[in-house]
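One file, my_file_13.pdb, carrying PDB, C-alpha atoms and all ligand atoms:
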```pdb
MODEL        1
ATOM      1  CA  MET A1385     117.612   5.295 -37.358  1.00  0.00           C
ATOM      2  CA  GLY A1386     121.012   3.670 -36.957  1.00  0.00           C
ATOM      3  CA  LYS A1387     121.649  -0.016 -37.354  1.00  0.00           C
ATOM      4  CA  LEU A1388     122.443  -0.544 -33.673  1.00  0.00           C
ATOM      5  CA  VAL A1389     119.367   1.378 -32.578  1.00  0.00           C
ATOM      6  CA  LYS A1390     117.233  -0.862 -34.775  1.00  0.00           C
ATOM      7  CA  LEU A1391     118.856  -3.930 -33.273  1.00  0.00           C
ATOM      8  CA  VAL A1392     118.304  -2.725 -29.725  1.00  0.00           C
ATOM      9  CA  LEU A1393     114.732  -1.753 -30.520  1.00  0.00           C
ATOM     10  CA  GLY A1394     114.120  -5.215 -31.939  1.00  0.00           C
ATOM     11  CA  ASP A1395     115.474  -6.852 -28.790  1.00  0.00           C
ATOM     12  CA  VAL A1396     113.481  -4.510 -26.568  1.00  0.00           C
ATOM     13  CA  GLU A1397     110.335  -5.323 -28.547  1.00  0.00           C
ATOM     14  CA  ALA A1398     111.014  -9.032 -28.185  1.00  0.00           C
ATOM     15  CA  LEU A1399     111.495  -8.703 -24.425  1.00  0.00           C
ATOM     16  CA  PHE A1400     108.253  -6.770 -24.018  1.00  0.00           C
ATOM     17  CA  ALA A1401     106.461  -9.390 -26.085  1.00  0.00           C
ATOM     18  CA  LYS A1402     107.818 -12.023 -23.699  1.00  0.00           C
ATOM     19  CA  ALA A1403     106.672  -9.954 -20.727  1.00  0.00           C
ATOM     20  CA  LYS A1404     103.211  -9.724 -22.263  1.00  0.00           C
ATOM     21  CA  ASN A1405     103.015 -13.460 -22.748  1.00  0.00           C
ATOM     22  CA  ALA A1406     104.559 -14.341 -19.409  1.00  0.00           C
ATOM     23  CA  LYS A1407     102.497 -16.680 -17.272  1.00  0.00           C
ATOM     24  CA  ASP A1408     102.952 -14.720 -14.082  1.00  0.00           C
ATOM     25  CA  ALA A1409     103.811 -11.229 -12.941  1.00  0.00           C
ATOM     26  CA  VAL A1410     107.206 -12.137 -11.520  1.00  0.00           C
ATOM     27  CA  VAL A1411     108.403 -13.517 -14.851  1.00  0.00           C
ATOM     28  CA  ALA A1412     106.927 -10.524 -16.697  1.00  0.00           C
ATOM     29  CA  LYS A1413     108.819  -8.180 -14.387  1.00  0.00           C
ATOM     30  CA  ARG A1414     112.050  -9.950 -15.184  1.00  0.00           C
ATOM     31  CA  PHE A1415     111.586  -9.354 -18.913  1.00  0.00           C
ATOM     32  CA  VAL A1416     110.708  -5.708 -18.354  1.00  0.00           C
ATOM     33  CA  ARG A1417     113.850  -5.287 -16.285  1.00  0.00           C
ATOM     34  CA  LYS A1418     115.964  -6.931 -18.970  1.00  0.00           C
ATOM     35  CA  ALA A1419     114.517  -4.642 -21.630  1.00  0.00           C
ATOM     36  CA  ARG A1420     115.213  -1.568 -19.521  1.00  0.00           C
ATOM     37  CA  VAL A1421     118.759  -2.633 -18.692  1.00  0.00           C
ATOM     38  CA  LEU A1422     119.418  -3.348 -22.364  1.00  0.00           C
ATOM     39  CA  ALA A1423     118.097   0.038 -23.408  1.00  0.00           C
ATOM     40  CA  MET A1424     120.110   1.761 -20.717  1.00  0.00           C
ATOM     41  CA  LYS A1425     123.285  -0.067 -21.693  1.00  0.00           C
ATOM     42  CA  HIS A1426     122.974   1.332 -25.190  1.00  0.00           C
ATOM     43  CA  ARG A1427     121.776   4.728 -23.996  1.00  0.00           C
ATOM     44  CA  PHE A1428     118.618   4.059 -25.897  1.00  0.00           C
ATOM     45  CA  ARG A1429     115.514   5.969 -24.919  1.00  0.00           C
ATOM     46  CA  LEU A1430     112.460   3.796 -24.796  1.00  0.00           C
ATOM     47  CA  PRO A1431     109.658   5.122 -26.992  1.00  0.00           C
ATOM     48  CA  VAL A1432     106.661   6.312 -24.974  1.00  0.00           C
ATOM     49  CA  SER A1433     104.605   3.453 -26.376  1.00  0.00           C
ATOM     50  CA  PHE A1434     106.886   1.130 -24.379  1.00  0.00           C
ATOM     51  CA  LYS A1435     107.009   3.326 -21.314  1.00  0.00           C
ATOM     52  CA  ARG A1436     103.287   2.950 -20.904  1.00  0.00           C
ATOM     53  CA  LEU A1437     103.555  -0.809 -20.753  1.00  0.00           C
ATOM     54  CA  PHE A1438     105.233  -1.084 -17.388  1.00  0.00           C
ATOM     55  CA  CYS A1439     105.713   0.596 -14.032  1.00  0.00           C
ATOM     56  CA  LYS A1440     108.920   2.594 -13.979  1.00  0.00           C
ATOM     57  CA  HIS A1441     109.115   2.214 -10.211  1.00  0.00           C
ATOM     58  CA  CYS A1442     108.846  -1.550  -9.825  1.00  0.00           C
ATOM     59  CA  ASN A1443     109.011  -2.875 -13.427  1.00  0.00           C
ATOM     60  CA  ALA A1444     105.578  -4.499 -13.213  1.00  0.00           C
ATOM     61  CA  TYR A1445     104.208  -5.214 -16.659  1.00  0.00           C
ATOM     62  CA  PHE A1446     100.796  -3.576 -16.825  1.00  0.00           C
ATOM     63  CA  VAL A1447      97.739  -5.633 -17.558  1.00  0.00           C
ATOM     64  CA  GLN A1448      94.736  -3.352 -17.847  1.00  0.00           C
ATOM     65  CA  GLY A1449      92.037  -4.114 -15.343  1.00  0.00           C
ATOM     66  CA  LYS A1450      94.452  -6.230 -13.345  1.00  0.00           C
ATOM     67  CA  ASN A1451      97.447  -4.411 -11.913  1.00  0.00           C
ATOM     68  CA  VAL A1452      97.001  -0.874 -13.176  1.00  0.00           C
ATOM     69  CA  ARG A1453      94.380   1.860 -13.067  1.00  0.00           C
ATOM     70  CA  ILE A1454      94.376   4.439 -15.808  1.00  0.00           C
ATOM     71  CA  ARG A1455      92.672   7.779 -15.271  1.00  0.00           C
ATOM     72  CA  THR A1456      92.691  10.974 -17.248  1.00  0.00           C
ATOM     73  CA  THR A1457      92.656  14.292 -15.429  1.00  0.00           C
ATOM     74  CA  LYS A1458      93.392  17.814 -16.586  1.00  0.00           C
ATOM     75  CA  GLY A1459      95.067  16.792 -19.785  1.00  0.00           C
ATOM     76  CA  LYS A1460      97.164  14.137 -18.098  1.00  0.00           C
ATOM     77  CA  VAL A1461      96.938  10.404 -18.032  1.00  0.00           C
ATOM     78  CA  VAL A1462      97.665   8.935 -14.622  1.00  0.00           C
ATOM     79  CA  TYR A1463      98.697   5.321 -14.246  1.00  0.00           C
ATOM     80  CA  THR A1464      98.403   3.843 -10.777  1.00  0.00           C
ATOM     81  CA  CYS A1465     100.452   0.704 -10.264  1.00  0.00           C
ATOM     82  CA  PHE A1466      98.737  -1.768  -7.940  1.00  0.00           C
ATOM     83  CA  THR A1467     101.991  -3.593  -7.315  1.00  0.00           C
ATOM     84  CA  CYS A1468     103.890  -0.714  -5.702  1.00  0.00           C
ATOM     85  CA  LYS A1469     101.028   1.814  -5.355  1.00  0.00           C
ATOM     86  CA  LYS A1470     102.973   4.532  -7.124  1.00  0.00           C
ATOM     87  CA  PHE A1471     101.842   6.801  -9.922  1.00  0.00           C
ATOM     88  CA  MET A1472     103.092   7.673 -13.340  1.00  0.00           C
ATOM     89  CA  ARG A1473     101.825  10.684 -15.221  1.00  0.00           C
ATOM     90  CA  PHE A1474     101.889  11.183 -18.940  1.00  0.00           C
ATOM     91  CA  SER A1475     100.893  14.254 -20.859  1.00  0.00           C
ATOM     92  CA  TYR A1476      97.915  13.773 -23.129  1.00  0.00           C
ATOM     93  CA  SER A1477      99.955  14.439 -26.240  1.00  0.00           C
ATOM     94  CA  ASN A1478     101.696  11.067 -25.717  1.00  0.00           C
ATOM     95  CA  LYS A1479     104.938  12.889 -26.224  1.00  0.00           C
ATOM     96  CA  LYS A1480     106.574  12.734 -22.846  1.00  0.00           C
ATOM     97  CA  ILE A1481     106.470  11.455 -19.319  1.00  0.00           C
ATOM     98  CA  LEU A1482     105.948  14.075 -16.639  1.00  0.00           C
ATOM     99  CA  GLU A1483     108.270  13.557 -13.759  1.00  0.00           C
TER     100      GLU A1483
HETATM  101 ZN    ZN W1501     104.886  -0.328  -9.635  1.00  0.00          ZN
ENDMDL
END
```

What does the file become when written as structure tokens?
Amino acid sequence: MGKLVKLVLGDVEALFAKAKNAKDAVVAKRFVRKARVLAMKHRFRLPVSFKRLFCKHCNAYFVQGKNVRIRTTKGKVVYTCFTCKKFMRFSYSNKKILE
């Protein structure tokens, strides 16, 4: 892992931590957006562990039992975002997002 990648990853981690600790959903969204923009700027692919933390459609930071429903069907994990009502599907292997 390169030095810059480590730096970006550190910043992304910090932003997601802020999103997690944010007092309300609007503030959390802002941090998620910042993290995504930062990653994009550096052409850095977010690890799947991060991708599962937020809605890729509206940047909502997921809080289980609050703004997301997680279901497993046919080897896939389906996340339903309550904020924008869209879905995200992940393969069971945790390796990639299914578009
Ligand atoms: Zn959403």

Item to check | Spatial neighbours of Ala1444 in chain A, max dist 10 Å, only C-alpha atoms, sep filter under 6 positions, as a ChimeraX atom specification | outcome: /A:1403,1409-1417,1437-1438,1451-1452,1465-1468

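Of the residues under consideration (A:Phe1400, A:Lys1460, A:Arg1453, A:Gly1394), A:Arg1453 shows the shortest atom-to-atom contact distance to ligand ZN 1501 (chain W) when counting only C-alpha atoms and all ligand atoms.
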
Excluding Lys1440 in chain A and its own-chain neighbours fewer than 6 positions away, which residues fall within 12 Å of it when counting only C-alpha atoms? Please give them as a PDB file with C-alpha atoms, in the coordinates of the input.
```
ATOM      1  CA  LYS A1413     108.819  -8.180 -14.387  1.00  0.00           C
ATOM      2  CA  VAL A1416     110.708  -5.708 -18.354  1.00  0.00           C
ATOM      3  CA  ARG A1417     113.850  -5.287 -16.285  1.00  0.00           C
ATOM      4  CA  ALA A1419     114.517  -4.642 -21.630  1.00  0.00           C
ATOM      5  CA  ARG A1420     115.213  -1.568 -19.521  1.00  0.00           C
ATOM      6  CA  LEU A1430     112.460   3.796 -24.796  1.00  0.00           C
ATOM      7  CA  VAL A1432     106.661   6.312 -24.974  1.00  0.00           C
ATOM      8  CA  PHE A1434     106.886   1.130 -24.379  1.00  0.00           C
ATOM      9  CA  PHE A1446     100.796  -3.576 -16.825  1.00  0.00           C
ATOM     10  CA  TYR A1463      98.697   5.321 -14.246  1.00  0.00           C
ATOM     11  CA  THR A1464      98.403   3.843 -10.777  1.00  0.00           C
ATOM     12  CA  CYS A1465     100.452   0.704 -10.264  1.00  0.00           C
ATOM     13  CA  THR A1467     101.991  -3.593  -7.315  1.00  0.00           C
ATOM     14  CA  CYS A1468     103.890  -0.714  -5.702  1.00  0.00           C
ATOM     15  CA  LYS A1469     101.028   1.814  -5.355  1.00  0.00           C
ATOM     16  CA  LYS A1470     102.973   4.532  -7.124  1.00  0.00           C
ATOM     17  CA  PHE A1471     101.842   6.801  -9.922  1.00  0.00           C
ATOM     18  CA  MET A1472     103.092   7.673 -13.340  1.00  0.00           C
ATOM     19  CA  ARG A1473     101.825  10.684 -15.221  1.00  0.00           C
ATOM     20  CA  ILE A1481     106.470  11.455 -19.319  1.00  0.00           C
ATOM     21  CA  GLU A1483     108.270  13.557 -13.759  1.00  0.00           C
TER      22      GLU A1483
END
```

Checklist entry - Out of A:Val1461, A:Ile1454, A:Gln1448, A:Cys1442, which residue has the shortest atom-to-atom distance to ligand ZN 1501 (chain W) when counting only C-alpha atoms and all ligand atoms? => result A:Cys1442

Next on the checklist: Please list as a VMD selection string every residue within 10 Å of range 1385-1390 of chain A, counting only C-alpha atoms and excluding residues in the same chain fewer than 4 positions away.
Outcome noted: chain A and resid 1394 to 1396 1423 1426 to 1429

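Of the listed residues (A:Leu1399, A:Cys1439, A:Ala1406, A:Val1462), A:Leu1399 comes nearest to Val1421 in chain A; the distances count all atoms listed in the file.
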
Put the listed atoms of range 1399-1416 of chain A in a box along x, y and z with 6 Å added on every side and give me the centre and edge lengths in Å to one decimal, as JSON.
```
{"center_x": 107.3, "center_y": -11.2, "center_z": -18.8, "size_x": 21.6, "size_y": 23.0, "size_z": 26.6}
```

Next on the checklist: Report, in Å with one decimal, the straight-line distance from CA of Gly1449 in chain A to CA of Asn1405 in chain A.
Outcome noted: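 Between CA of Gly1449 in chain A and CA of Asn1405 in chain A the gap works out to 16.2 Å.
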
Item to check | Best match for closeness to ligand ZN 1501 (chain W) among A:Asn1443, A:Phe1474, A:Lys1450, A:Val1392, counting only C-alpha atoms and all ligand atoms | outcome: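 Comparing A:Asn1443, A:Phe1474, A:Lys1450, A:Val1392 against ligand ZN 1501 (chain W), the winner is A:Asn1443.
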
Checklist entry - When you draw a straight line from CA of Ser1475 in chain A to CA of Leu1391 in chain A, how long is it in Å? => result 28.4 Å

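Take CA of Met1424 in chain A and CA of Glu1397 in chain A: the distance between them is 14.4 Å.
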
Checklist outcome for this item: Counting all atoms listed in the file, closest pick from A:Lys1407, A:His1441, A:Pro1431, A:Val1447 relative to ligand ZN 1501 (chain W) is A:His1441

Checklist outcome for this item: Using all atoms listed in the file, the shortest atom-to-atom distance to Leu1393 in chain A among A:Tyr1445, A:Gly1459, A:Tyr1476, A:Leu1422 belongs to A:Leu1422
